[in-house]
file upload.tsv (TSV, C-alpha atoms)
chain	number	residue	atom	x	y	z
P	1	MET	CA	-12.37	-16.63	-16.53
P	2	ASP	CA	-12.08	-14.99	-13.11
P	3	VAL	CA	-8.38	-14.33	-12.47
P	4	SER	CA	-7.06	-12.61	-9.35
P	5	PRO	CA	-5.08	-9.35	-9.61
P	6	LEU	CA	-2.13	-11.09	-7.88
P	7	THR	CA	-2.01	-13.73	-10.62
P	8	LEU	CA	-2.11	-11.04	-13.30
P	9	ASN	CA	0.68	-9.16	-11.53
P	10	ARG	CA	2.82	-12.28	-11.56
P	11	LEU	CA	2.11	-12.84	-15.27
P	12	SER	CA	3.47	-9.36	-15.92
P	13	ILE	CA	6.61	-10.28	-13.96
P	14	TYR	CA	6.97	-13.52	-15.93
P	15	LEU	CA	6.65	-11.57	-19.16
P	16	ARG	CA	9.53	-9.25	-18.21
P	17	CYS	CA	11.66	-12.23	-17.23
P	18	LEU	CA	10.92	-14.03	-20.50
P	19	ARG	CA	11.94	-10.95	-22.47
P	20	ARG	CA	15.27	-10.99	-20.66
P	21	LEU	CA	15.75	-14.68	-21.40
P	22	ARG	CA	14.94	-14.12	-25.06
P	23	GLY	CA	17.42	-11.26	-25.17
P	24	GLU	CA	20.07	-13.59	-23.76
P	25	GLY	CA	19.35	-16.18	-26.45
P	26	VAL	CA	17.67	-18.70	-24.12
P	27	CYS	CA	15.17	-20.86	-26.04
P	28	GLN	CA	13.96	-23.24	-23.34
P	29	VAL	CA	13.70	-23.03	-19.56
P	30	SER	CA	12.27	-25.23	-16.80
P	31	SER	CA	10.11	-23.78	-14.05
P	32	GLN	CA	12.91	-24.39	-11.55
P	33	GLN	CA	15.51	-22.69	-13.73
P	34	PHE	CA	13.09	-19.82	-14.26
P	35	ALA	CA	12.50	-19.53	-10.51
P	36	ASP	CA	16.19	-19.73	-9.60
P	37	ARG	CA	17.17	-17.18	-12.24
P	38	PHE	CA	14.67	-14.53	-11.12
P	39	ARG	CA	14.14	-15.42	-7.44
P	40	LEU	CA	10.60	-16.68	-7.97
P	41	SER	CA	8.66	-19.77	-6.88
P	42	ALA	CA	8.71	-22.72	-9.30
P	43	ALA	CA	5.48	-24.09	-7.82
P	44	GLN	CA	3.77	-20.71	-8.20
P	45	ILE	CA	4.94	-20.38	-11.79
P	46	ARG	CA	3.49	-23.79	-12.67
P	47	LYS	CA	0.23	-23.05	-10.84
P	48	ASP	CA	-0.24	-19.63	-12.49
P	49	LEU	CA	0.46	-20.91	-16.00
P	50	ALA	CA	-1.77	-23.97	-15.50
P	51	THR	CA	-4.65	-21.56	-14.90
P	52	PHE	CA	-4.57	-20.76	-18.62
P	53	GLY	CA	-3.84	-24.23	-20.02
P	54	GLU	CA	-0.86	-26.43	-20.77
P	55	PHE	CA	2.30	-24.57	-21.73
P	56	GLY	CA	5.30	-26.67	-20.80
P	57	ILE	CA	6.49	-30.21	-21.52
P	58	ARG	CA	6.89	-32.41	-18.45
P	59	GLY	CA	10.56	-33.00	-17.73
P	60	VAL	CA	11.62	-30.47	-20.36
P	61	GLY	CA	10.16	-27.07	-19.47
P	62	TYR	CA	8.84	-24.11	-21.40
P	63	GLU	CA	9.79	-22.79	-24.81
P	64	VAL	CA	10.59	-19.13	-24.18
P	65	GLU	CA	9.31	-17.50	-27.37
P	66	PRO	CA	5.90	-19.26	-27.56
P	67	LEU	CA	5.30	-18.70	-23.84
P	68	LEU	CA	6.23	-15.03	-24.17
P	69	ARG	CA	3.79	-14.62	-27.06
P	70	ARG	CA	1.01	-16.43	-25.20
P	71	ILE	CA	1.33	-14.34	-22.03
P	72	THR	CA	1.45	-11.20	-24.18
P	73	GLU	CA	-1.86	-12.24	-25.74
P	74	LEU	CA	-3.40	-13.21	-22.38
P	75	LEU	CA	-2.62	-9.78	-20.97
P	76	GLY	CA	-3.94	-8.08	-24.11
P	77	LEU	CA	-0.54	-6.54	-24.80
P	78	ASP	CA	-0.59	-7.57	-28.46
P	79	GLN	CA	-2.99	-4.65	-29.03
P	80	ARG	CA	-2.66	-0.88	-28.84
P	81	HIS	CA	-4.21	0.75	-25.77
P	82	ALA	CA	-4.83	4.50	-25.77
P	83	LEU	CA	-4.49	6.34	-22.46
P	84	ALA	CA	-5.69	9.73	-21.27
P	85	VAL	CA	-3.77	11.45	-18.47
P	86	VAL	CA	-5.72	13.98	-16.42
P	87	GLY	CA	-3.48	16.22	-14.36
P	88	MET	CA	-0.31	17.17	-16.22
P	89	GLY	CA	1.67	18.27	-13.18
P	90	SER	CA	4.91	16.62	-12.11
P	91	LEU	CA	3.47	13.10	-11.75
P	92	GLY	CA	1.18	13.17	-14.77
P	93	SER	CA	3.88	14.66	-16.99
P	94	ALA	CA	6.47	12.12	-15.83
P	95	PHE	CA	4.00	9.31	-16.51
P	96	ALA	CA	3.25	10.60	-20.02
P	97	ARG	CA	6.94	10.94	-20.84
P	98	HIS	CA	7.71	7.46	-19.52
P	99	ILE	CA	4.96	5.85	-21.61
P	100	GLY	CA	6.14	7.78	-24.65
P	101	GLU	CA	9.70	6.55	-24.19
P	102	THR	CA	8.89	2.86	-23.64
P	103	ARG	CA	7.25	2.39	-27.06
P	104	GLY	CA	5.10	-0.50	-25.85
P	105	PRO	CA	1.40	-1.23	-26.39
P	106	PHE	CA	0.36	1.82	-24.35
P	107	VAL	CA	0.06	5.20	-26.04
P	108	VAL	CA	-0.84	8.47	-24.34
P	109	ALA	CA	-3.46	9.76	-26.74
P	110	ALA	CA	-4.59	12.74	-24.67
P	111	GLY	CA	-3.53	14.88	-21.75
P	112	PHE	CA	-5.79	17.20	-19.77
P	113	ASP	CA	-5.34	19.93	-17.19
P	114	ASN	CA	-7.20	22.98	-15.89
P	115	ASP	CA	-4.08	25.10	-15.45
P	116	PRO	CA	-3.96	27.75	-18.23
P	117	ASP	CA	-0.16	27.64	-18.08
P	118	LYS	CA	-0.19	23.93	-19.02
P	119	VAL	CA	-3.00	23.90	-21.58
P	120	GLY	CA	-1.62	24.24	-25.11
P	121	ARG	CA	1.81	22.87	-24.18
P	122	THR	CA	3.18	19.57	-25.43
P	123	VAL	CA	4.32	17.03	-22.85
P	124	GLY	CA	5.77	13.69	-23.90
P	125	GLY	CA	4.57	14.34	-27.42
P	126	VAL	CA	1.00	15.02	-26.26
P	127	LEU	CA	-0.83	18.34	-26.52
P	128	VAL	CA	-2.37	19.28	-23.17
P	129	GLU	CA	-6.07	20.13	-23.50
P	130	PRO	CA	-8.53	21.63	-21.01
P	131	VAL	CA	-10.44	19.20	-18.79
P	132	SER	CA	-13.65	20.37	-20.46
P	133	ALA	CA	-12.50	18.53	-23.62
P	134	ILE	CA	-12.62	15.10	-21.96
P	135	ALA	CA	-16.20	14.38	-23.10
P	136	SER	CA	-15.37	14.84	-26.78
P	137	THR	CA	-11.70	13.80	-26.96
P	138	VAL	CA	-11.93	10.44	-25.15
P	139	PRO	CA	-14.42	8.78	-27.56
P	140	GLU	CA	-12.92	10.55	-30.56
P	141	ARG	CA	-9.48	9.00	-29.91
P	142	ASP	CA	-10.80	5.66	-28.71
P	143	VAL	CA	-9.18	6.09	-25.30
P	144	ARG	CA	-9.54	2.95	-23.17
P	145	ILE	CA	-7.76	3.80	-19.93
P	146	GLY	CA	-7.88	6.96	-17.84
P	147	ILE	CA	-5.01	8.07	-15.61
P	148	VAL	CA	-6.05	10.29	-12.69
P	149	ALA	CA	-3.12	12.38	-11.43
P	150	VAL	CA	-4.95	15.27	-9.80
P	151	PRO	CA	-5.29	16.39	-6.15
P	152	ALA	CA	-7.56	14.22	-3.98
P	153	ALA	CA	-10.31	16.87	-3.86
P	154	ALA	CA	-10.73	16.78	-7.63
P	155	ALA	CA	-10.19	13.06	-8.25
P	156	GLN	CA	-13.79	11.84	-7.96
P	157	GLU	CA	-15.13	14.52	-10.30
P	158	ILE	CA	-12.45	13.73	-12.87
P	159	CYS	CA	-13.15	10.01	-12.58
P	160	ASP	CA	-16.86	10.66	-13.13
P	161	GLN	CA	-16.08	12.67	-16.25
P	162	LEU	CA	-13.85	9.93	-17.64
P	163	VAL	CA	-16.47	7.25	-17.01
P	164	ALA	CA	-19.20	9.41	-18.57
P	165	ALA	CA	-16.97	9.74	-21.66
P	166	GLY	CA	-16.72	5.96	-22.00
P	167	ILE	CA	-13.66	5.01	-19.94
P	168	ARG	CA	-14.00	1.64	-18.21
P	169	SER	CA	-10.52	1.32	-16.67
P	170	VAL	CA	-9.01	3.93	-14.35
P	171	LEU	CA	-5.53	4.08	-12.83
P	172	ASN	CA	-5.77	6.45	-9.90
P	173	PHE	CA	-2.71	8.17	-8.42
P	174	ALA	CA	-4.72	10.48	-6.16
P	175	PRO	CA	-4.59	9.54	-2.46
P	176	VAL	CA	-8.31	8.77	-2.26
P	177	ARG	CA	-10.54	5.80	-3.03
P	178	LEU	CA	-12.82	6.43	-5.98
P	179	ALA	CA	-16.45	5.38	-6.26
P	180	THR	CA	-17.34	3.98	-9.67
P	181	SER	CA	-20.28	2.27	-11.31
P	182	GLU	CA	-20.48	-1.43	-12.07
P	183	GLY	CA	-18.33	-2.46	-15.00
P	184	VAL	CA	-15.61	0.11	-14.28
P	185	ARG	CA	-12.29	-1.26	-13.06
P	186	THR	CA	-10.24	1.04	-10.83
P	187	ARG	CA	-6.69	0.52	-9.65
P	188	ASN	CA	-5.39	2.80	-6.88
P	189	VAL	CA	-1.69	3.57	-6.68
P	190	ASP	CA	-0.80	5.49	-3.51
P	191	LEU	CA	3.00	5.62	-3.29
P	192	ARG	CA	2.80	6.86	0.27
P	193	ILE	CA	1.24	3.58	1.37
P	194	TYR	CA	4.28	1.65	0.14
P	195	LEU	CA	6.63	4.09	1.86
P	196	GLU	CA	4.74	3.72	5.13
P	197	GLU	CA	4.88	-0.07	4.79
P	198	LEU	CA	8.66	0.12	4.38
P	199	VAL	CA	8.97	2.40	7.39
P	200	TYR	CA	6.97	-0.07	9.50
P	201	TYR	CA	9.57	-2.77	8.92
P	202	LEU	CA	12.43	-0.29	9.11
P	203	VAL	CA	11.55	0.79	12.65
P	204	SER	CA	10.57	-2.75	13.68
P	205	PRO	CA	13.35	-4.97	12.28
P	206	SER	CA	12.24	-7.96	14.37
P	207	ARG	CA	9.00	-8.20	12.40
P	208	SER	CA	9.08	-10.55	9.45
P	209	TRP	CA	7.86	-9.73	5.95
P	210	ALA	CA	4.58	-11.23	4.87
P	211	SER	CA	4.73	-13.20	1.64
P	212	GLU	CA	3.72	-11.20	-1.43
P	213	GLU	CA	2.30	-14.39	-2.89
P	214	ALA	CA	-0.31	-14.79	-0.17
call {"tool": "encode", "arguments": {"input": "upload.tsv", "output": "structure tokens"}}
result
Amino acid sequence: MDVSPLTLNRLSIYLRCLRRLRGEGVCQVSSQQFADRFRLSAAQIRKDLATFGEFGIRGVGYEVEPLLRRITELLGLDQRHALAVVGMGSLGSAFARHIGETRGPFVVAAGFDNDPDKVGRTVGGVLVEPVSAIASTVPERDVRIGIVAVPAAAAQEICDQLVAAGIRSVLNFAPVRLATSEGVRTRNVDLRIYLEELVYYLVSPSRSWASEEA
């Protein structure tokens, strides 16, 4: 099934909301109650969930626990996913620590850096290895997702090494677009872009926000 990244993003949001509802002891919720509670769109919720089949009962709503489990399965979050972080500077180290603290389905299985002062240290419970170890460590630890947190000039080379080692999903924090082969999914996260977007509306208050659901 071909599902848009925006739909997947919204499923992740729904999942967080459902966890909150479960924590509050809510067992059943209508799409309108769901939307009102978390400032979402009831119509969009129904449309997104209908993409994957029938979940709710007309006139009644959704059962929180079964829906939470189903979305977890749809997103593949009922399985363990090993990550490799390349670039254990401030951003990479913070990312590794955050993943280690959340105790979710993601596990940082390897960390790499070329800085001799970082190699051999433990960050977020992960031993930092030299970049030259990517080729052997990634398949050995069944790493599925690569995190690129290196300077822009080195990002493409690192991405190529990860892909050559078997990685098929890359989350890129470097401020550069990466070229990858067919079958490799890349997601670029440039925080500066979001800051510049905010500044645009900050200096031009008369301009209206475009809908994030478009």
call {"tool": "atom_distance", "arguments": {"input": "upload.tsv", "atom1": "CA of Leu195 (chain P)", "atom2": "CA of Asp113 (chain P)"}}
result
27.5 Å
call {"tool": "residues_around", "arguments": {"input": "upload.tsv", "residues": "region 43-55 of chain P", "least_positions_apart": "2", "cutoff": "7 Å", "atoms": "all atoms listed in the file", "output": "list of chain:residue names"}}
result
P:Thr7, P:Ser31, P:Ser41, P:Tyr62, P:Leu67
call {"tool": "closest_residue", "arguments": {"input": "upload.tsv", "among": "P:Pro130, P:Gly146, P:Gly23, P:Gly125", "to": "Ala82 (chain P)", "atoms": "only C-alpha atoms"}}
result
P:Gly146
call {"tool": "residues_around", "arguments": {"input": "upload.tsv", "residues": "Leu8 (chain P)", "least_positions_apart": "2", "cutoff": "12 Å", "atoms": "all atoms listed in the file", "output": "list in words"}}
result
Asp2, Val3, Ser4, Pro5, Leu6, Arg10, Leu11, Ser12, Ile13, Tyr14, Leu15, Ile45, Asp48, Leu49, Thr51, Phe52, Ile71, Thr72, Leu74, Leu75, Gly76 and Glu213 of chain P
call {"tool": "residues_around", "arguments": {"input": "upload.tsv", "residues": "Phe106 (chain P)", "least_positions_apart": "4", "cutoff": "9 Å", "atoms": "all atoms listed in the file", "output": "list in words"}}
result
Leu77, Gln79, Arg80, His81, Ala82, Leu83, Ile99, Gly100 and Thr102 of chain P
call {"tool": "residues_around", "arguments": {"input": "upload.tsv", "residues": "Pro116 (chain P)", "least_positions_apart": "4", "cutoff": "10 Å", "atoms": "only C-alpha atoms", "output": "JSON, numbers by chain"}}
result
{"P": [120, 121, 128, 129, 130]}
call {"tool": "write_last_selection", "arguments": {"input": "upload.tsv", "atoms": "C-alpha atoms", "output": "mmCIF file, in the frame of the given file"}}
result
data_model
loop_
_atom_site.group_PDB
_atom_site.id
_atom_site.type_symbol
_atom_site.label_atom_id
_atom_site.label_comp_id
_atom_site.auth_asym_id
_atom_site.auth_seq_id
_atom_site.Cartn_x
_atom_site.Cartn_y
_atom_site.Cartn_z
ATOM 1 C CA GLY P 120 -1.620 24.240 -25.110
ATOM 2 C CA ARG P 121 1.810 22.870 -24.180
ATOM 3 C CA VAL P 128 -2.370 19.280 -23.170
ATOM 4 C CA GLU P 129 -6.070 20.130 -23.500
ATOM 5 C CA PRO P 130 -8.530 21.630 -21.010
#
call {"tool": "decode", "arguments": {"input": "upload.tsv", "residues": "region 115-173 of chain P", "atoms": "C-alpha atoms", "output": "tab-separated table (two decimals), in the first residue's frame"}}
result
chain	number	residue	atom	x	y	z
P	115	ASP	CA	37.50	12.04	16.14
P	116	PRO	CA	40.13	10.12	18.18
P	117	ASP	CA	38.93	11.93	21.31
P	118	LYS	CA	35.43	10.44	20.87
P	119	VAL	CA	36.33	6.93	19.71
P	120	GLY	CA	36.43	4.51	22.64
P	121	ARG	CA	34.09	6.61	24.78
P	122	THR	CA	30.60	5.54	25.79
P	123	VAL	CA	27.71	7.86	24.93
P	124	GLY	CA	24.15	7.00	25.89
P	125	GLY	CA	25.29	3.48	26.70
P	126	VAL	CA	26.90	3.03	23.28
P	127	LEU	CA	30.62	2.58	22.62
P	128	VAL	CA	31.80	4.99	19.93
P	129	GLU	CA	33.69	3.20	17.16
P	130	PRO	CA	35.71	4.56	14.22
P	131	VAL	CA	33.84	5.22	10.98
P	132	SER	CA	35.96	2.53	9.33
P	133	ALA	CA	34.02	-0.05	11.39
P	134	ILE	CA	30.69	0.74	9.70
P	135	ALA	CA	31.08	-1.98	7.04
P	136	SER	CA	31.45	-4.76	9.61
P	137	THR	CA	29.42	-3.46	12.57
P	138	VAL	CA	26.18	-2.57	10.73
P	139	PRO	CA	25.43	-6.09	9.39
P	140	GLU	CA	26.83	-7.74	12.50
P	141	ARG	CA	24.33	-5.91	14.75
P	142	ASP	CA	21.46	-6.04	12.28
P	143	VAL	CA	21.24	-2.25	12.13
P	144	ARG	CA	18.24	-1.09	10.08
P	145	ILE	CA	18.39	2.69	10.25
P	146	GLY	CA	21.34	5.03	9.87
P	147	ILE	CA	21.48	8.46	11.50
P	148	VAL	CA	23.76	10.96	9.74
P	149	ALA	CA	24.86	13.74	12.10
P	150	VAL	CA	28.07	14.87	10.44
P	151	PRO	CA	29.07	18.11	8.66
P	152	ALA	CA	27.54	18.62	5.20
P	153	ALA	CA	30.86	17.97	3.42
P	154	ALA	CA	31.08	14.46	4.85
P	155	ALA	CA	27.39	13.50	4.75
P	156	GLN	CA	27.24	11.93	1.28
P	157	GLU	CA	30.30	9.75	1.87
P	158	ILE	CA	28.89	8.55	5.19
P	159	CYS	CA	25.53	7.83	3.60
P	160	ASP	CA	27.23	5.81	0.87
P	161	GLN	CA	29.09	3.78	3.48
P	162	LEU	CA	25.89	3.07	5.40
P	163	VAL	CA	24.05	1.98	2.26
P	164	ALA	CA	26.97	-0.23	1.19
P	165	ALA	CA	26.79	-1.88	4.63
P	166	GLY	CA	23.12	-2.74	4.13
P	167	ILE	CA	21.23	0.27	5.53
P	168	ARG	CA	18.03	1.03	3.63
P	169	SER	CA	16.65	3.88	5.78
P	170	VAL	CA	18.60	7.05	6.55
P	171	LEU	CA	17.68	9.96	8.81
P	172	ASN	CA	19.88	12.85	7.75
P	173	PHE	CA	20.57	15.82	10.04
